[in-house]
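Since the structure comes first, as structure tokens, the remarks are kept for the end.
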Amino acid sequence: MSDYLMQTYARQPVAFLRGEGAWLYDERGDKYLDALAGVAVNGLGHAHPRLARALCEQAARLIHTSNIYRIPLQEQLAERLCHLSGMERAFFCNSGAEANEAAIKIARLHGHNRGIENPAIVVMEKSFHGRTMATLSATGNRKVQAGFEPLVTGFVRVPFGDAEAVDKLAEYHKNIVAVLVEPYQGEGGVNIPEAGYLAKLRHICDRNGWLLMLDEVQTGIGRTGKWFAFQHTEIQPDVMSLAKGLGSGVPVGACLARGVAAETFVPGKHGSTFGGGPLACTAALTTLQVMDEDGLLAHADQLGAFIRADLSDRLQGHAGVRAIRGQGLMIGIELDRPCGDLVKMALAEKLLINVTNDTVVRLLPPLVMKREEAALLTEKLAELIRVFLG
Ligand SMILES: *Cc1c(COP(=O)(O)O)cnc(C)c1O
């Protein structure tokens, strides 16, 4: 471990030098099956030839010009994302936290425009929205916040999945301007709300003139088997944040909006030096194109169903397994005890997985993972969990 790096991460003692599809190769040339995809980033897997070619060609033409000038690739990407999502305008940035910062700023500005001087945003317990001051304040995890007080004010917290709790707020809290929620919580433990939850939130927002803002940083771009998780429902958000899978590893985030939310920012209200540059937009446009042409949404849906069903079969009757849940290739296996050690055990077996919220094994495989690879994953993982639970 380097003495020259700030000690922000408890890293695994392994470094990867190259990859191919769902596989990563370490310094010794050993190969690992990747069921994490850089935390829901590498949807196209590693070293995808079409992405590599598109990036090389773009790098040879132009990498950066700045938002002082028109950027045709940014305009193309905005149009494509709006077309896929039913949103109307896009702002581009470089990460999920930044995309949520843009959403938070839109909500506050929207409030001020309506004469609300102290606007508040409803957020959820166990949520994760990023590590900047505003987004960690919005996050529902004390570990993320501890030591960084004073937190940014203007967030009101309710339990995830509890639409009634949001409804009650409307009765006495007159400063609320928006609800910010992950359709399915990722870092919080792959939590899937009851069917109808988002529809209820949509209804509450409509009745009160609030913006419904979805954090699709993890769930977006095909991860759950649709382009965006809200597309499993009938509703449409007012604001949506994206990042992780959007650029297949090239940093790019986006905040999309429609209706009044799309008109809130005017020149001077927000900006980014790097956001929406030609290279990042090429990465995103190519990602969307490959996903479309290769049918990766349907594949993610089917492969995810297979992984969940196969794990259920293999772990059936095991008392230590509380639940196997997920949508598409966002999968959680909740155990009855803290299971961080499973990450190390899996690494020793050349399998890359993640544990979140202490007791939940999280799988976020690349969308290009093949059926045989998924079968190898379920076989290895079920065995590891059996050994771990003893
Ligand atoms: C990862 C994540 C973020 C933060 O994204 P960064 O790119 O790390 O800033 C925000 N929201 C959700 C739901 C995430 O999963």
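Letters for chains follow the order of the structure tokens (A, B, ...), residue numbers begin at 1 for each chain, and ligand numbers begin at 1 in the order shown.
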
*Expected answer as an MDAnalysis selection string: residues within 10 Å of ligand 1, only C-alpha atoms and all ligand atoms*: chainID A and resid 39:41 93:101 127:132 135:136 139 181:188 214:220 241:245 251:253

*Please provide the set of residues having any atom within 12 Å of Pro267 (chain A), restricted to only C-alpha atoms, with same-chain residues fewer than 4 positions apart removed, written as a ChimeraX atom specification.*
/A:67-68,263,271

*Do a neighbour search on Leu377 (chain A) at 10 Å with only C-alpha atoms, toss out local chain neighbours closer than 5 positions, and write the hits as a ChimeraX atom specification.*
/A:33-35,307,311,351-353,363,365,371-372,382-383

Keeping C-alpha atoms, export the residues of the selection given above as a compact mmCIF listing (two decimals), in the first residue's frame.
```txt
# COMPACT_ATOMS: atom_id res chain seq x y z
CA LEU A 33 -14.36 -13.28 -12.57
CA ASP A 34 -15.73 -9.78 -12.07
CA ALA A 35 -19.19 -9.69 -10.47
CA ILE A 307 -28.57 -15.67 -11.10
CA LEU A 311 -28.64 -18.89 -6.06
CA LEU A 351 -14.09 -13.97 -7.68
CA LEU A 352 -14.84 -10.25 -7.25
CA ILE A 353 -17.92 -9.43 -5.18
CA LEU A 363 -23.52 -8.45 -7.13
CA PRO A 365 -21.89 -7.95 -12.83
CA ARG A 371 -24.52 -17.29 -19.20
CA GLU A 372 -21.64 -19.77 -18.57
CA ALA A 382 -23.10 -20.40 -3.26
CA GLU A 383 -20.22 -22.63 -2.13
```

Give the strand (DSSP E or B) residues of region 183-347 of chain A, as assigned by DSSP on the backbone, as a short mmCIF file (atom, residue, chain, number, x, y, z; two decimals) with C-alpha atoms, in the first residue's frame.
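The result, written out as part.cif:
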```cif
data_model
loop_
_atom_site.label_atom_id
_atom_site.label_comp_id
_atom_site.auth_asym_id
_atom_site.auth_seq_id
_atom_site.Cartn_x
_atom_site.Cartn_y
_atom_site.Cartn_z
CA GLN A 185 -31.30 1.49 -2.86
CA ASN A 191 -33.45 -2.54 -1.03
CA LEU A 211 -40.31 17.79 -7.71
CA LEU A 212 -39.82 14.02 -7.79
CA MET A 213 -36.07 13.54 -8.17
CA LEU A 214 -34.71 10.03 -8.78
CA ASP A 215 -31.11 9.14 -8.03
CA VAL A 239 -35.37 15.19 -12.26
CA MET A 240 -33.04 12.21 -12.61
CA SER A 241 -29.34 11.85 -11.86
CA LEU A 242 -27.04 9.45 -13.72
CA GLY A 253 -22.51 12.22 -14.91
CA ALA A 254 -25.77 13.79 -15.96
CA CYS A 255 -28.74 15.50 -14.39
CA LEU A 256 -31.85 15.27 -16.57
CA ALA A 257 -35.00 17.27 -16.00
CA VAL A 321 -29.67 -16.66 4.13
CA ARG A 322 -32.33 -14.06 4.91
CA ALA A 323 -33.23 -12.99 1.37
CA ILE A 324 -32.10 -13.03 -2.24
CA ARG A 325 -33.43 -9.98 -4.02
CA GLY A 326 -32.80 -7.58 -6.86
CA GLN A 327 -33.81 -6.50 -10.32
CA MET A 330 -28.42 -5.48 -9.29
CA ILE A 331 -28.56 -8.33 -6.82
CA GLY A 332 -28.38 -8.60 -3.03
CA ILE A 333 -28.04 -11.69 -0.86
CA GLU A 334 -28.83 -10.76 2.72
CA LEU A 335 -27.30 -12.97 5.41
#
```

*Residue neighbourhood Gly161 (chain A), 7 Å, only C-alpha atoms, exclusion window fewer than 4 positions, as a ChimeraX atom specification*: /A:193-194,197

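Closest approach to Asp341 (chain A) among A:Leu285, A:Gln74, A:Gln12, A:Glu125 is made by A:Gln12 (distances from only C-alpha atoms).
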
*asked:* Taking the DSSP secondary structure from the backbone, can you list the residues of region 157-315 of chain A that are alpha helix (DSSP H), as a PyMOL selection string?
replied: chain A and resi 163-172+197-208+278-293+296-314

*CA of Cys56 (chain A) to CA of Pro278 (chain A), distance in Å rounded to a single decimal*: 12.0 Å

*Could you give me, as a list of chain:residue names, the residues within 9 Å of Leu77 (chain A), counting only C-alpha atoms and dropping anything in the same chain fewer than 5 positions from it?*
A:Pro72, A:Cys82, A:Ala90, A:Gly276, A:Cys281, A:Thr282, A:Ala284, A:Leu285

Mind writing the picked residues with N, CA, C and O atoms as a PDB file, in the first residue's frame?
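This went into part-v9.pdb:
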```
ATOM      1  N   PRO A  72     -20.892  19.564 -30.020  1.00  0.00           N
ATOM      2  CA  PRO A  72     -21.891  18.754 -30.744  1.00  0.00           C
ATOM      3  C   PRO A  72     -22.129  17.383 -30.120  1.00  0.00           C
ATOM      4  O   PRO A  72     -23.272  16.924 -30.062  1.00  0.00           O
ATOM      5  N   CYS A  82     -32.495  12.055 -23.442  1.00  0.00           N
ATOM      6  CA  CYS A  82     -33.863  12.546 -23.300  1.00  0.00           C
ATOM      7  C   CYS A  82     -34.829  11.647 -24.056  1.00  0.00           C
ATOM      8  O   CYS A  82     -35.916  11.322 -23.572  1.00  0.00           O
ATOM      9  N   ALA A  90     -30.683  18.119 -20.372  1.00  0.00           N
ATOM     10  CA  ALA A  90     -29.613  17.475 -19.607  1.00  0.00           C
ATOM     11  C   ALA A  90     -28.551  18.490 -19.213  1.00  0.00           C
ATOM     12  O   ALA A  90     -28.286  19.441 -19.957  1.00  0.00           O
ATOM     13  N   GLY A 276     -19.342  17.051 -19.716  1.00  0.00           N
ATOM     14  CA  GLY A 276     -19.860  16.918 -21.072  1.00  0.00           C
ATOM     15  C   GLY A 276     -18.834  17.184 -22.154  1.00  0.00           C
ATOM     16  O   GLY A 276     -19.181  17.618 -23.256  1.00  0.00           O
ATOM     17  N   CYS A 281     -18.416  12.293 -23.659  1.00  0.00           N
ATOM     18  CA  CYS A 281     -19.660  12.095 -24.405  1.00  0.00           C
ATOM     19  C   CYS A 281     -19.530  10.968 -25.418  1.00  0.00           C
ATOM     20  O   CYS A 281     -20.489  10.233 -25.670  1.00  0.00           O
ATOM     21  N   THR A 282     -18.335  10.813 -25.991  1.00  0.00           N
ATOM     22  CA  THR A 282     -18.108   9.674 -26.887  1.00  0.00           C
ATOM     23  C   THR A 282     -18.255   8.366 -26.117  1.00  0.00           C
ATOM     24  O   THR A 282     -18.870   7.403 -26.603  1.00  0.00           O
ATOM     25  N   ALA A 284     -20.071   7.822 -23.476  1.00  0.00           N
ATOM     26  CA  ALA A 284     -21.485   7.597 -23.157  1.00  0.00           C
ATOM     27  C   ALA A 284     -22.280   7.218 -24.409  1.00  0.00           C
ATOM     28  O   ALA A 284     -23.082   6.275 -24.384  1.00  0.00           O
ATOM     29  N   LEU A 285     -22.067   7.938 -25.495  1.00  0.00           N
ATOM     30  CA  LEU A 285     -22.806   7.632 -26.727  1.00  0.00           C
ATOM     31  C   LEU A 285     -22.501   6.215 -27.201  1.00  0.00           C
ATOM     32  O   LEU A 285     -23.398   5.480 -27.633  1.00  0.00           O
TER      33      LEU A 285
END
```

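Nearest to Ala52 (chain A) of all the residues A:Val250, A:Ile176, A:Met369, A:Ala134 is A:Val250, based on only C-alpha atoms.
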
*asked:* So that I can see what lies close to Val290 (chain A), please list as JSON, numbers by chain the residues with an atom at most 10 Å from it, counting only C-alpha atoms and leaving out residues fewer than 3 positions away in the same chain.
replied: {"A": [44, 48, 50, 51, 284, 285, 286, 287, 293, 294, 295, 296]}

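The gap separating CA of Leu288 (chain A) from CA of Leu81 (chain A) is 8.8 Å, in Å to one decimal.
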
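Counting only C-alpha atoms and comparing A:Gly154, A:Gly189, A:Gly268, A:Gly209, the residue that lies closest to Thr359 (chain A) is A:Gly189.
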
*asked:* I need the residue nearest Ile204 (chain A) from this list: A:Glu79, A:Ala348, A:Met1, A:Glu171. Use only C-alpha atoms for the distance.
replied: A:Glu171

*What's the 6 Å shell around region 148-152 of chain A, counting only C-alpha atoms, without same-chain residues fewer than 2 positions away, as a PyMOL selection string?*
chain A and resi 134+137+145-146

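Closest approach to Asp238 (chain A) among A:Gly21, A:Gly390, A:Pro119, A:Gly259: A:Gly259, based on only C-alpha atoms.
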